[in-house]
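Structure file protein-v3.txt (compact mmCIF, C-alpha atoms) follows.
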```txt
# COMPACT_ATOMS: atom_id res chain seq x y z
CA MET A 1 0.00 0.00 0.00
CA ALA A 2 1.43 3.38 -0.99
CA LYS A 3 1.88 5.77 1.92
CA PRO A 4 0.43 9.29 1.57
CA VAL A 5 2.99 12.09 1.17
CA VAL A 6 2.76 15.18 3.38
CA ALA A 7 4.98 18.09 2.28
CA VAL A 8 6.12 20.74 4.78
CA VAL A 9 6.61 24.01 2.88
CA GLY A 10 6.96 27.73 3.56
CA ARG A 11 9.32 30.62 3.11
CA PRO A 12 12.86 30.33 4.53
CA ASN A 13 13.56 30.38 8.26
CA VAL A 14 10.06 29.85 9.63
CA GLY A 15 11.02 26.64 11.44
CA LYS A 16 10.08 23.95 8.91
CA SER A 17 13.02 21.67 9.72
CA THR A 18 12.51 22.04 13.49
CA LEU A 19 8.86 21.07 13.03
CA PHE A 20 9.85 18.16 10.75
CA ASN A 21 12.29 16.82 13.34
CA LYS A 22 9.71 17.16 16.11
CA LEU A 23 7.06 15.25 14.13
CA ILE A 24 9.34 12.33 13.21
CA GLY A 25 10.95 12.21 16.66
CA GLN A 26 14.57 12.50 15.56
CA ARG A 27 17.05 15.13 14.43
CA LEU A 28 17.19 14.33 10.71
CA SER A 29 17.00 17.75 9.09
CA ILE A 30 19.78 20.25 9.74
CA VAL A 31 18.44 23.08 11.89
CA GLU A 32 20.19 26.44 11.80
CA ASP A 33 19.01 30.04 12.01
CA THR A 34 20.22 30.75 8.49
CA PRO A 35 17.74 30.88 5.62
CA GLY A 36 18.38 28.22 3.02
CA VAL A 37 20.06 25.56 5.19
CA THR A 38 17.67 22.85 3.94
CA ARG A 39 18.33 22.85 0.20
CA ASP A 40 17.02 19.42 -0.74
CA ARG A 41 13.87 17.64 0.29
CA ILE A 42 14.34 15.22 3.17
CA PHE A 43 11.87 12.41 3.73
CA ALA A 44 11.01 10.24 6.70
CA GLU A 45 8.19 7.96 7.76
CA CYS A 46 5.74 9.32 10.30
CA GLU A 47 2.71 7.79 11.99
CA TRP A 48 -0.39 9.34 13.52
CA ARG A 49 -3.60 7.68 14.71
CA GLY A 50 -2.47 4.36 13.25
CA ARG A 51 -1.83 5.81 9.79
CA LYS A 52 1.68 5.84 8.35
CA PHE A 53 2.73 8.51 5.87
CA MET A 54 5.86 10.02 4.33
CA LEU A 55 6.76 13.46 5.66
CA ALA A 56 8.79 15.67 3.29
CA ASP A 57 10.87 18.59 4.53
CA THR A 58 11.65 21.18 1.85
CA GLY A 59 13.88 24.16 1.34
CA GLY A 60 12.24 27.54 1.84
CA ILE A 61 10.20 28.97 -1.02
CA GLU A 62 11.18 32.43 -2.26
CA PRO A 63 8.51 33.11 -4.92
CA LYS A 64 10.50 35.87 -6.61
CA THR A 65 14.29 35.67 -6.45
CA ASP A 66 17.31 36.01 -8.70
CA ASP A 67 19.44 33.88 -6.38
CA VAL A 68 20.27 30.62 -8.15
CA ILE A 69 20.20 28.44 -5.04
CA LEU A 70 16.96 29.93 -3.75
CA ALA A 71 15.42 29.46 -7.18
CA GLN A 72 16.47 25.79 -7.15
CA MET A 73 15.01 25.39 -3.67
CA ARG A 74 11.73 26.85 -4.94
CA ASP A 75 11.72 24.32 -7.79
CA GLN A 76 12.39 21.51 -5.30
CA ALA A 77 9.48 22.62 -3.15
CA GLN A 78 7.20 22.87 -6.17
CA LEU A 79 8.06 19.28 -7.12
CA ALA A 80 7.21 18.17 -3.60
CA ILE A 81 3.89 20.04 -3.79
CA GLU A 82 3.01 18.32 -7.08
CA GLN A 83 3.51 14.85 -5.59
CA ALA A 84 2.07 15.53 -2.11
CA ASP A 85 -1.34 14.39 -0.91
CA VAL A 86 -1.45 17.03 1.85
CA ILE A 87 0.59 20.23 2.24
CA VAL A 88 1.52 21.89 5.53
CA LEU A 89 2.29 25.59 5.07
CA VAL A 90 4.47 26.82 7.94
CA THR A 91 4.41 30.52 8.84
CA ASP A 92 6.06 32.56 11.61
CA LEU A 93 3.95 34.26 14.30
CA ARG A 94 6.74 36.70 15.17
CA SER A 95 7.13 38.13 11.67
CA GLY A 96 3.40 38.06 10.90
CA VAL A 97 1.94 37.64 7.43
CA THR A 98 4.50 38.70 4.84
CA ALA A 99 4.20 39.32 1.11
CA ASN A 100 6.05 36.04 0.54
CA ASP A 101 3.54 34.19 2.72
CA GLN A 102 0.76 35.62 0.54
CA SER A 103 2.57 34.52 -2.63
CA VAL A 104 3.19 31.00 -1.33
CA ALA A 105 -0.44 30.70 -0.17
CA THR A 106 -1.65 31.76 -3.62
CA MET A 107 0.62 29.17 -5.26
CA LEU A 108 -0.74 26.45 -2.97
CA GLN A 109 -4.36 27.43 -3.68
CA LYS A 110 -3.68 27.07 -7.40
CA SER A 111 -2.29 23.56 -6.84
CA GLY A 112 -5.72 22.37 -5.74
CA LYS A 113 -4.15 20.27 -2.97
CA PRO A 114 -5.48 20.30 0.61
CA VAL A 115 -3.46 22.71 2.74
CA VAL A 116 -3.08 22.86 6.53
CA LEU A 117 -1.91 26.29 7.74
CA CYS A 118 0.59 26.08 10.61
CA VAL A 119 1.50 29.21 12.57
CA ASN A 120 4.82 28.36 14.20
CA LYS A 121 6.63 29.93 17.17
CA CYS A 122 3.49 30.20 19.32
CA ASP A 123 5.71 29.42 22.30
CA THR A 124 3.48 30.79 25.10
CA PRO A 125 0.95 28.35 26.60
CA GLY A 126 -2.70 29.30 26.59
CA ALA A 127 -4.80 31.18 24.06
CA PRO A 128 -2.88 32.42 21.00
CA PRO A 129 -2.02 36.14 20.88
CA ALA A 130 -3.98 38.64 18.77
CA GLU A 131 -1.36 38.49 15.97
CA PHE A 132 -2.33 34.86 15.38
CA TYR A 133 -5.68 35.82 13.87
CA GLU A 134 -3.97 37.86 11.16
CA PHE A 135 -3.15 34.56 9.40
CA TYR A 136 -6.81 34.03 8.50
CA ASN A 137 -6.10 36.64 5.79
CA LEU A 138 -4.17 33.97 3.82
CA GLY A 139 -7.50 32.36 2.91
CA LEU A 140 -6.42 28.82 3.87
CA GLY A 141 -8.98 28.17 6.58
CA ASP A 142 -8.36 27.83 10.30
CA PRO A 143 -4.67 28.13 11.22
CA VAL A 144 -3.14 25.78 13.81
CA ALA A 145 -0.97 27.32 16.54
CA VAL A 146 2.25 25.34 17.01
CA SER A 147 5.54 25.61 18.86
CA SER A 148 7.93 23.34 16.98
CA VAL A 149 10.63 23.90 19.61
CA HIS A 150 8.44 22.79 22.54
CA GLY A 151 6.11 20.47 20.63
CA MET A 152 2.95 22.33 21.63
CA GLY A 153 0.10 22.05 19.12
CA THR A 154 1.73 19.33 17.02
CA GLY A 155 -1.07 16.89 17.88
CA ASP A 156 -3.68 19.36 16.62
CA LEU A 157 -1.61 19.86 13.47
CA LEU A 158 -1.39 16.13 12.79
CA ASP A 159 -5.13 15.78 13.44
CA ALA A 160 -5.77 18.41 10.76
CA VAL A 161 -3.42 16.61 8.34
CA PHE A 162 -5.09 13.27 9.09
CA GLU A 163 -8.49 14.62 8.04
CA PHE A 164 -7.18 15.37 4.53
CA MET A 165 -5.45 12.03 3.92
CA PRO A 166 -6.86 9.84 1.14
CA PRO A 167 -9.07 6.99 2.41
CA VAL A 168 -7.31 3.68 2.92
CA GLU A 169 -9.90 1.89 0.78
CA GLU A 170 -8.83 3.86 -2.30
CA GLU A 171 -5.24 2.71 -1.91
CA GLU A 172 -5.92 -0.98 -1.52
CA GLU A 173 -5.21 -3.28 -4.42
CA GLU A 174 -6.10 -6.88 -4.94
CA SER A 175 -3.89 -9.16 -2.87
CA ASP A 176 -3.32 -11.66 -5.70
CA VAL A 177 -1.51 -9.04 -7.77
CA ILE A 178 2.27 -9.11 -7.17
CA LYS A 179 3.82 -5.63 -7.24
CA VAL A 180 7.37 -5.68 -8.61
CA ALA A 181 9.76 -2.73 -8.31
CA VAL A 182 12.55 -2.76 -10.90
CA ILE A 183 15.42 -0.89 -9.29
CA GLY A 184 19.09 -0.28 -9.99
CA LYS A 185 21.61 2.32 -10.98
CA PRO A 186 21.03 4.33 -14.17
CA ASN A 187 21.34 2.58 -17.53
CA ALA A 188 21.20 -0.95 -16.10
CA GLY A 189 18.28 -1.80 -18.39
CA LYS A 190 15.30 -1.31 -16.08
CA SER A 191 13.02 0.29 -18.68
CA SER A 192 14.10 -2.27 -21.29
CA LEU A 193 13.04 -5.07 -18.94
CA VAL A 194 9.63 -3.50 -18.33
CA ASN A 195 9.14 -3.01 -22.06
CA CYS A 196 10.17 -6.61 -22.66
CA VAL A 197 7.71 -8.11 -20.17
CA ALA A 198 4.94 -5.73 -21.30
CA GLY A 199 5.54 -6.45 -24.98
CA GLU A 200 5.38 -2.77 -25.86
CA GLU A 201 7.38 0.44 -25.62
CA ARG A 202 5.81 1.46 -22.32
CA SER A 203 8.87 3.27 -20.94
CA ILE A 204 11.26 5.50 -22.84
CA VAL A 205 14.44 3.52 -23.50
CA SER A 206 17.63 5.49 -24.01
CA ASN A 207 21.33 5.11 -23.32
CA ILE A 208 21.27 8.50 -21.62
CA ALA A 209 21.34 7.86 -17.88
CA GLY A 210 18.35 9.29 -16.05
CA THR A 211 15.80 9.09 -18.88
CA THR A 212 13.11 7.68 -16.59
CA ARG A 213 12.20 10.48 -14.19
CA ASP A 214 9.26 8.94 -12.41
CA ALA A 215 7.93 5.59 -11.25
CA ILE A 216 5.70 4.06 -13.92
CA ASP A 217 3.19 1.25 -13.30
CA THR A 218 2.71 -1.43 -15.95
CA HIS A 219 -0.02 -4.06 -15.43
CA ILE A 220 0.84 -7.50 -16.82
CA HIS A 221 -1.29 -10.64 -16.96
CA ASN A 222 0.22 -13.88 -18.24
CA LYS A 223 0.32 -17.61 -17.51
CA HIS A 224 2.22 -16.91 -14.29
CA GLY A 225 -0.44 -14.60 -12.84
CA ASP A 226 -1.09 -10.87 -12.40
CA PHE A 227 1.77 -8.44 -11.87
CA ILE A 228 2.32 -4.70 -11.58
CA PHE A 229 5.81 -3.72 -12.71
CA ILE A 230 7.03 -0.41 -11.27
CA ASP A 231 9.82 1.04 -13.40
CA THR A 232 11.89 3.57 -11.45
CA ALA A 233 14.50 6.16 -12.20
CA GLY A 234 17.99 4.84 -11.52
CA LEU A 235 19.52 5.57 -8.14
CA ARG A 236 22.72 7.54 -8.52
CA ARG A 237 25.45 8.47 -6.13
CA LYS A 238 24.34 11.57 -4.21
CA SER A 239 27.37 13.52 -5.46
CA LYS A 240 26.11 13.02 -9.02
CA VAL A 241 22.52 13.95 -8.31
CA ASP A 242 22.72 17.59 -9.28
CA ASP A 243 19.46 17.96 -11.17
CA ASN A 244 16.31 18.88 -9.25
CA ILE A 245 14.10 16.32 -10.98
CA GLU A 246 16.66 13.55 -10.49
CA LYS A 247 16.83 14.31 -6.79
CA TYR A 248 13.14 13.69 -6.59
CA SER A 249 13.57 10.48 -8.60
CA VAL A 250 15.57 9.02 -5.71
CA LEU A 251 12.56 9.46 -3.44
CA ARG A 252 10.24 7.98 -6.07
CA ALA A 253 12.48 4.88 -6.31
CA GLN A 254 12.48 4.52 -2.53
CA MET A 255 8.70 4.84 -2.45
CA ALA A 256 8.40 2.31 -5.28
CA VAL A 257 10.33 -0.15 -3.09
CA GLU A 258 7.93 0.70 -0.26
CA ARG A 259 4.93 -0.18 -2.45
CA ALA A 260 6.42 -3.34 -3.90
CA ASP A 261 6.12 -6.97 -2.85
CA VAL A 262 9.21 -8.01 -4.81
CA CYS A 263 12.27 -5.98 -5.86
CA VAL A 264 14.20 -6.95 -8.98
CA ILE A 265 17.67 -5.46 -8.55
CA MET A 266 19.21 -4.88 -11.97
CA ILE A 267 22.97 -5.33 -12.38
CA ASP A 268 24.79 -4.41 -15.59
CA ALA A 269 26.76 -7.54 -16.59
CA THR A 270 29.13 -5.50 -18.75
CA GLU A 271 30.16 -3.36 -15.76
CA GLY A 272 29.92 -5.87 -12.93
CA PHE A 273 29.25 -5.06 -9.30
CA THR A 274 29.67 -1.47 -8.06
CA GLU A 275 29.25 0.21 -4.70
CA GLN A 276 26.08 1.85 -5.97
CA ASP A 277 24.57 -1.59 -6.67
CA SER A 278 25.12 -2.42 -3.00
CA LYS A 279 23.35 0.77 -1.90
CA VAL A 280 20.40 0.17 -4.21
CA ALA A 281 20.03 -3.40 -2.94
CA GLY A 282 20.36 -2.16 0.63
CA ILE A 283 17.18 -0.09 0.28
CA ALA A 284 15.15 -3.19 -0.61
CA HIS A 285 16.88 -5.27 2.08
CA GLU A 286 16.19 -2.72 4.82
CA LYS A 287 12.53 -2.53 3.81
CA GLY A 288 12.21 -6.31 4.18
CA LYS A 289 11.23 -6.96 0.58
CA ALA A 290 11.59 -10.18 -1.36
CA CYS A 291 14.57 -9.69 -3.68
CA ILE A 292 15.95 -11.06 -6.93
CA ILE A 293 19.30 -9.97 -8.37
CA ALA A 294 18.94 -9.86 -12.16
CA VAL A 295 22.23 -9.67 -14.04
CA ASN A 296 21.18 -7.92 -17.26
CA LYS A 297 22.90 -7.56 -20.65
CA TRP A 298 24.16 -11.15 -20.39
CA ASP A 299 24.00 -11.36 -24.18
CA ALA A 300 26.69 -8.65 -24.42
CA VAL A 301 29.22 -10.56 -22.28
CA GLU A 302 31.92 -12.70 -23.89
CA LYS A 303 31.66 -15.99 -22.08
CA ASP A 304 32.54 -19.66 -21.94
CA ASP A 305 31.04 -22.51 -19.92
CA LYS A 306 32.62 -21.18 -16.69
CA THR A 307 31.74 -17.50 -16.96
CA MET A 308 28.34 -17.71 -15.26
CA ASP A 309 29.60 -19.73 -12.30
CA GLN A 310 32.55 -17.38 -11.84
CA MET A 311 30.33 -14.29 -11.85
CA ARG A 312 27.79 -15.96 -9.57
CA LYS A 313 30.53 -16.72 -7.00
CA LYS A 314 31.89 -13.18 -7.19
CA LEU A 315 28.44 -11.61 -6.82
CA ALA A 316 27.68 -13.92 -3.88
CA VAL A 317 30.64 -12.31 -2.08
CA ASP A 318 29.62 -8.79 -3.14
CA PHE A 319 26.03 -9.35 -1.95
CA SER A 320 26.98 -11.32 1.17
CA PHE A 321 24.73 -9.04 3.26
CA MET A 322 21.71 -10.49 1.42
CA SER A 323 22.86 -14.03 0.71
CA TYR A 324 19.22 -15.16 0.55
CA ALA A 325 18.63 -13.40 -2.80
CA PRO A 326 18.71 -15.66 -5.89
CA PHE A 327 20.60 -14.63 -9.05
CA ILE A 328 19.26 -14.80 -12.59
CA PHE A 329 21.21 -13.93 -15.74
CA ILE A 330 18.97 -12.26 -18.30
CA SER A 331 18.89 -10.10 -21.39
CA ALA A 332 16.05 -7.60 -21.47
CA LYS A 333 17.03 -6.84 -25.06
CA THR A 334 16.61 -10.41 -26.37
CA GLY A 335 14.18 -11.72 -23.74
CA GLN A 336 16.63 -14.38 -22.56
CA ARG A 337 15.37 -16.06 -19.32
CA VAL A 338 12.69 -13.39 -18.78
CA ASP A 339 10.06 -16.13 -18.57
CA ARG A 340 12.10 -17.75 -15.79
CA LEU A 341 12.16 -14.36 -14.03
CA PHE A 342 8.37 -14.48 -13.61
CA GLU A 343 8.66 -17.89 -11.95
CA LEU A 344 11.27 -16.51 -9.55
CA ILE A 345 9.16 -13.44 -8.76
CA LYS A 346 6.20 -15.62 -7.82
CA PHE A 347 8.40 -17.96 -5.79
CA VAL A 348 10.16 -15.29 -3.68
CA SER A 349 6.84 -13.49 -3.11
CA GLU A 350 5.43 -16.69 -1.62
CA GLN A 351 8.56 -17.10 0.52
CA ASN A 352 8.24 -13.51 1.78
CA SER A 353 4.65 -14.18 2.90
CA MET A 354 5.33 -17.64 4.35
CA ARG A 355 3.77 -18.37 7.73
CA ILE A 356 5.14 -21.23 9.85
CA LYS A 357 3.25 -22.92 12.66
CA THR A 358 4.55 -22.27 16.17
CA GLY A 359 4.92 -26.00 16.88
CA MET A 360 7.12 -26.53 13.83
CA LEU A 361 9.26 -23.51 14.71
CA ASN A 362 9.87 -24.74 18.24
CA ASP A 363 10.71 -28.25 17.04
CA VAL A 364 13.46 -26.78 14.83
CA LEU A 365 14.56 -24.49 17.68
CA ALA A 366 14.87 -27.45 20.06
CA GLN A 367 16.96 -29.42 17.57
CA ALA A 368 19.19 -26.41 16.84
CA THR A 369 19.85 -25.59 20.51
CA ALA A 370 20.58 -29.25 21.24
CA ARG A 371 23.11 -29.33 18.39
CA VAL A 372 24.81 -26.03 19.33
CA GLN A 373 24.36 -24.85 22.92
CA PRO A 374 23.22 -21.21 23.39
CA PRO A 375 26.03 -18.84 24.44
CA THR A 376 27.03 -18.04 28.01
CA ASP A 377 28.51 -14.96 29.67
CA LYS A 378 30.03 -14.92 33.16
CA GLY A 379 28.40 -18.22 34.00
CA LYS A 380 24.94 -17.15 32.81
CA ARG A 381 23.56 -19.12 29.84
CA LEU A 382 21.04 -17.84 27.33
CA ARG A 383 17.72 -19.65 27.64
CA ILE A 384 15.26 -19.47 24.76
CA TYR A 385 11.83 -20.36 26.09
CA TYR A 386 10.03 -20.44 22.75
CA VAL A 387 9.69 -18.72 19.36
CA THR A 388 6.63 -17.61 17.42
CA GLN A 389 5.95 -15.82 14.12
CA PRO A 390 3.65 -12.78 14.51
CA SER A 391 3.87 -11.43 10.98
CA THR A 392 5.00 -11.92 7.39
CA ASN A 393 6.43 -9.69 4.61
CA PRO A 394 9.13 -10.27 5.74
CA PRO A 395 8.79 -13.33 7.99
CA THR A 396 9.30 -12.03 11.52
CA PHE A 397 10.11 -14.26 14.50
CA VAL A 398 9.85 -13.34 18.18
CA PHE A 399 12.13 -15.16 20.62
CA PHE A 400 11.28 -15.15 24.32
CA VAL A 401 14.48 -15.40 26.37
CA ASN A 402 15.84 -14.92 29.87
CA ARG A 403 18.42 -12.23 28.95
CA ALA A 404 18.40 -10.43 25.61
CA GLU A 405 22.05 -9.34 25.79
CA LEU A 406 23.13 -13.01 25.73
CA PHE A 407 21.41 -13.59 22.39
CA HIS A 408 24.48 -12.67 20.34
CA PHE A 409 24.33 -11.85 16.64
CA SER A 410 26.37 -14.92 15.75
CA TYR A 411 23.86 -17.22 17.45
CA GLN A 412 20.97 -15.41 15.78
CA ARG A 413 22.68 -16.00 12.44
CA TYR A 414 23.07 -19.69 13.30
CA LEU A 415 19.35 -20.01 14.09
CA GLU A 416 18.44 -18.08 10.94
CA ASN A 417 20.47 -20.57 8.88
CA GLN A 418 18.70 -23.48 10.61
CA PHE A 419 15.31 -21.96 9.81
CA ARG A 420 16.31 -21.39 6.19
CA ASP A 421 17.64 -24.95 5.83
CA THR A 422 14.36 -26.34 7.13
CA PHE A 423 11.70 -24.00 5.74
CA GLY A 424 13.41 -22.47 2.70
CA LEU A 425 12.73 -18.73 3.09
CA GLU A 426 14.67 -18.15 -0.12
CA GLY A 427 14.66 -14.69 -1.61
CA THR A 428 13.42 -12.96 1.54
CA PRO A 429 15.09 -11.36 4.53
CA VAL A 430 13.89 -12.46 7.96
CA ARG A 431 13.53 -10.37 11.11
CA PHE A 432 14.33 -11.52 14.66
CA ILE A 433 12.79 -9.77 17.67
CA VAL A 434 14.07 -10.68 21.13
CA ARG A 435 11.87 -10.30 24.21
CA GLU A 436 12.79 -10.80 27.82
CA LYS A 437 10.56 -11.46 30.75
CA GLY A 438 9.10 -8.09 31.58
CA ASP A 439 8.45 -7.53 27.86
CA ARG A 440 11.57 -5.48 27.16
CA THR A 441 12.12 -5.69 23.39
CA THR A 442 15.28 -5.58 21.29
CA GLN A 443 15.99 -6.32 17.64
```
The structure in this file should be written as structure tokens.
Amino acid sequence: MAKPVVAVVGRPNVGKSTLFNKLIGQRLSIVEDTPGVTRDRIFAECEWRGRKFMLADTGGIEPKTDDVILAQMRDQAQLAIEQADVIVLVTDLRSGVTANDQSVATMLQKSGKPVVLCVNKCDTPGAPPAEFYEFYNLGLGDPVAVSSVHGMGTGDLLDAVFEFMPPVEEEEEESDVIKVAVIGKPNAGKSSLVNCVAGEERSIVSNIAGTTRDAIDTHIHNKHGDFIFIDTAGLRRKSKVDDNIEKYSVLRAQMAVERADVCVIMIDATEGFTEQDSKVAGIAHEKGKACIIAVNKWDAVEKDDKTMDQMRKKLAVDFSFMSYAPFIFISAKTGQRVDRLFELIKFVSEQNSMRIKTGMLNDVLAQATARVQPPTDKGKRLRIYYVTQPSTNPPTFVFFVNRAELFHFSYQRYLENQFRDTFGLEGTPVRFIVREKGDRTTQ
């Protein structure tokens, strides 16, 4: 399910980043009393009243400026506004309504998006001062008084945002459709693969890196089932992301991963593994998605009967952090092994949603702990009382133990390998949660 996007916008130095950090509960945006510190959009997940959404912090909007950086920041903010479901306009009580506030408010009204007006720096408890009511002149409805420094009024602000969010029912899609995000660095052949499986020129295919600016959905029905392929702009190194639209493409790729059930990570066989491939794969791994590593352009590689095995062994070392992911060597240009890719997608999706009975889990746990004793520290041995699986996508296992600090990573890895040997769980990460008596939780 796609998460709604809430964009925090406003002119420079009204406290947008401070508010952003307060809402997400961590210091992610740089906060400084200098206009223009936040130049790029920063995104983080936020939750309110059981609803998760993506919160976007933006650089300040200067509607009319000759400054190049401020103009770029304005363009960044406008891109965020275009993609947002709800917009929070932040203003400053101390400076009152300015001409720039009026200009930004007019721009937001033209966008047709729902807008929540936030009057920041209302730092005194109690009824808002008389200056607060001046903000009704912006024509954006009832303003919400907030102190981003102290956190006052943030609940009211989130309540107002919540009312404008799209209904959950509209976002739901049929569960038997597998959503596949095709991700990778630029020019790895992502659009070519989508065009190949769709049988048409759905995405623009070009050798110019960065041709695909947005995430594009392609519905496919074939003998393997129903699929939605999400083609994404390639993820580049941040140092090379110097174009405003490409910066936003990074977010779109991350959100495509969020929406997906399966991620096909495209590797260029003619270039081999790069650090950027690791970072791209890491996004899917951290989100707990089923993953397939597709080595594309295999038709362009000079090879003998040992080439595939040699590359497979090398990539297994490069992708050691996600050793569960299967490899497939394809050519999106010729269609080589693309049919086999569909089989793999269906298989890893089933593995990602696998649910194992508690009795079976504890039988394997008992055998594993009998074979290799749990670790000890200063005469105290780890005791694992039992394990259960509360959720899937990815498969998540909760271990109830006497002391969480004794459950070392190496022993967790041993138990993970035992579970994989017994139940498969191929193509999916797994999550371990450790709980002590007293319900203290660690991961």
With distances taken over all atoms listed in the file, which residue among A:Thr58, A:Ser331, A:Tyr136, A:Glu163 lies nearest Arg11 of chain A?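 Once distances to Arg11 of chain A are computed over all atoms listed in the file, the minimum belongs to A:Thr58.
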By how many Å are atom CA of Leu365 of chain A and atom CA of Gln389 of chain A apart? 12.7 Å
Measure the distance from atom CA of Phe227 of chain A to atom CA of Val177 of chain A in Å and round it to one decimal.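 The value is 5.3 Å.
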Counting only C-alpha atoms, the option among A:Met311, A:Leu425, A:Ile384, A:Ala105 closest to Gln412 of chain A: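 Once distances to Gln412 of chain A are computed over only C-alpha atoms, the minimum belongs to A:Ile384.
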Please write as a ChimeraX atom specification the list of polymer residues whose atoms come within 6 Å of (-0.1, 26.6, 14.1), counting all atoms listed in the file and keeping to the coordinates of the file. /A:118-120,143-146
Prev. selection, C-alpha atoms, output as a PDB file, in the frame of the given file:
```pdb
ATOM      1  CA  CYS A 118       0.590  26.080  10.610  1.00  0.00           C
ATOM      2  CA  VAL A 119       1.500  29.210  12.570  1.00  0.00           C
ATOM      3  CA  ASN A 120       4.820  28.360  14.200  1.00  0.00           C
ATOM      4  CA  PRO A 143      -4.670  28.130  11.220  1.00  0.00           C
ATOM      5  CA  VAL A 144      -3.140  25.780  13.810  1.00  0.00           C
ATOM      6  CA  ALA A 145      -0.970  27.320  16.540  1.00  0.00           C
ATOM      7  CA  VAL A 146       2.250  25.340  17.010  1.00  0.00           C
TER       8      VAL A 146
END
```
Counting all atoms listed in the file, which residues sit no farther than 6 Å from the position (21.4, -9.1, -3.4) in the file's frame? I'd like them as a list of chain:residue names.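 Residues with an atom close enough to that point: A:Ala281, A:Ile293, A:Phe319, A:Met322, A:Ala325.
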List as CSV every residue of segment 358-420 of chain A that is in contact with segment 260-280 of chain A, defined as an atom at most 12 Å from one of its atoms (using all atoms listed in the file), together with the nearest atom pair and the distance in Å rounded to one decimal, sorted by chain and then rising number.
```
residue,atom,partner,partner_atom,distance
A:Thr392,CA,A:Asp261,CA,11.4
A:Asn393,CA,A:Asp261,CA,7.9
A:Pro394,CA,A:Asp261,CA,9.7
```
Determine the nearest neighbour of Asp421 of chain A from the options A:Tyr324, A:His221, A:Ser148, A:Tyr133, counting only C-alpha atoms.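 For Asp421 of chain A, the nearest of the candidates is A:Tyr324.
Relative to atom CA of Pro4 of chain A, atom CA of Val86 of chain A is found at 8.0 Å.
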Proximity to Gly10 of chain A - best of A:Ile24, A:Val90, A:Ala44, A:Ala290, all atoms listed in the file: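 Between A:Ile24, A:Val90, A:Ala44, A:Ala290, the residue approaching Gly10 of chain A most closely is A:Val90.
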Given the choices A:Asp85, A:Glu436, A:Glu45, A:Asp159, which gets closest to Val387 of chain A if the distance is worked out from only C-alpha atoms?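 Of A:Asp85, A:Glu436, A:Glu45, A:Asp159, the one nearest Val387 of chain A, counting only C-alpha atoms, is A:Glu436.
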Can you pull out the residues contacting segment 415-417 of chain A? Cut-off 12 Å, using all atoms listed in the file, and skip same-chain residues under 4 positions away; I want them as a ChimeraX atom specification. /A:323-324,361-362,364-374,384,387,395-397,399,407-411,421-426,428-432
Go through A:Gly288, A:Gly50, A:Gly225, A:Pro186 one by one, measure the shortest atom-to-atom distance of each to Ile345 of chain A using all atoms listed in the file, and give the residue with the smallest value.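 Among the listed residues, the smallest separation from Ile345 of chain A belongs to A:Gly225.
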Would you compute an axis-aligned box for segment 351-363 of chain A, covering every atom listed for it in the file with 6 Å of margin on each side, and report centre and edge lengths in Å to one decimal as lines of an AutoDock Vina configuration file?
```
center_x = 7.0
center_y = -20.9
center_z = 9.4
size_x = 19.5
size_y = 26.7
size_z = 29.7
```
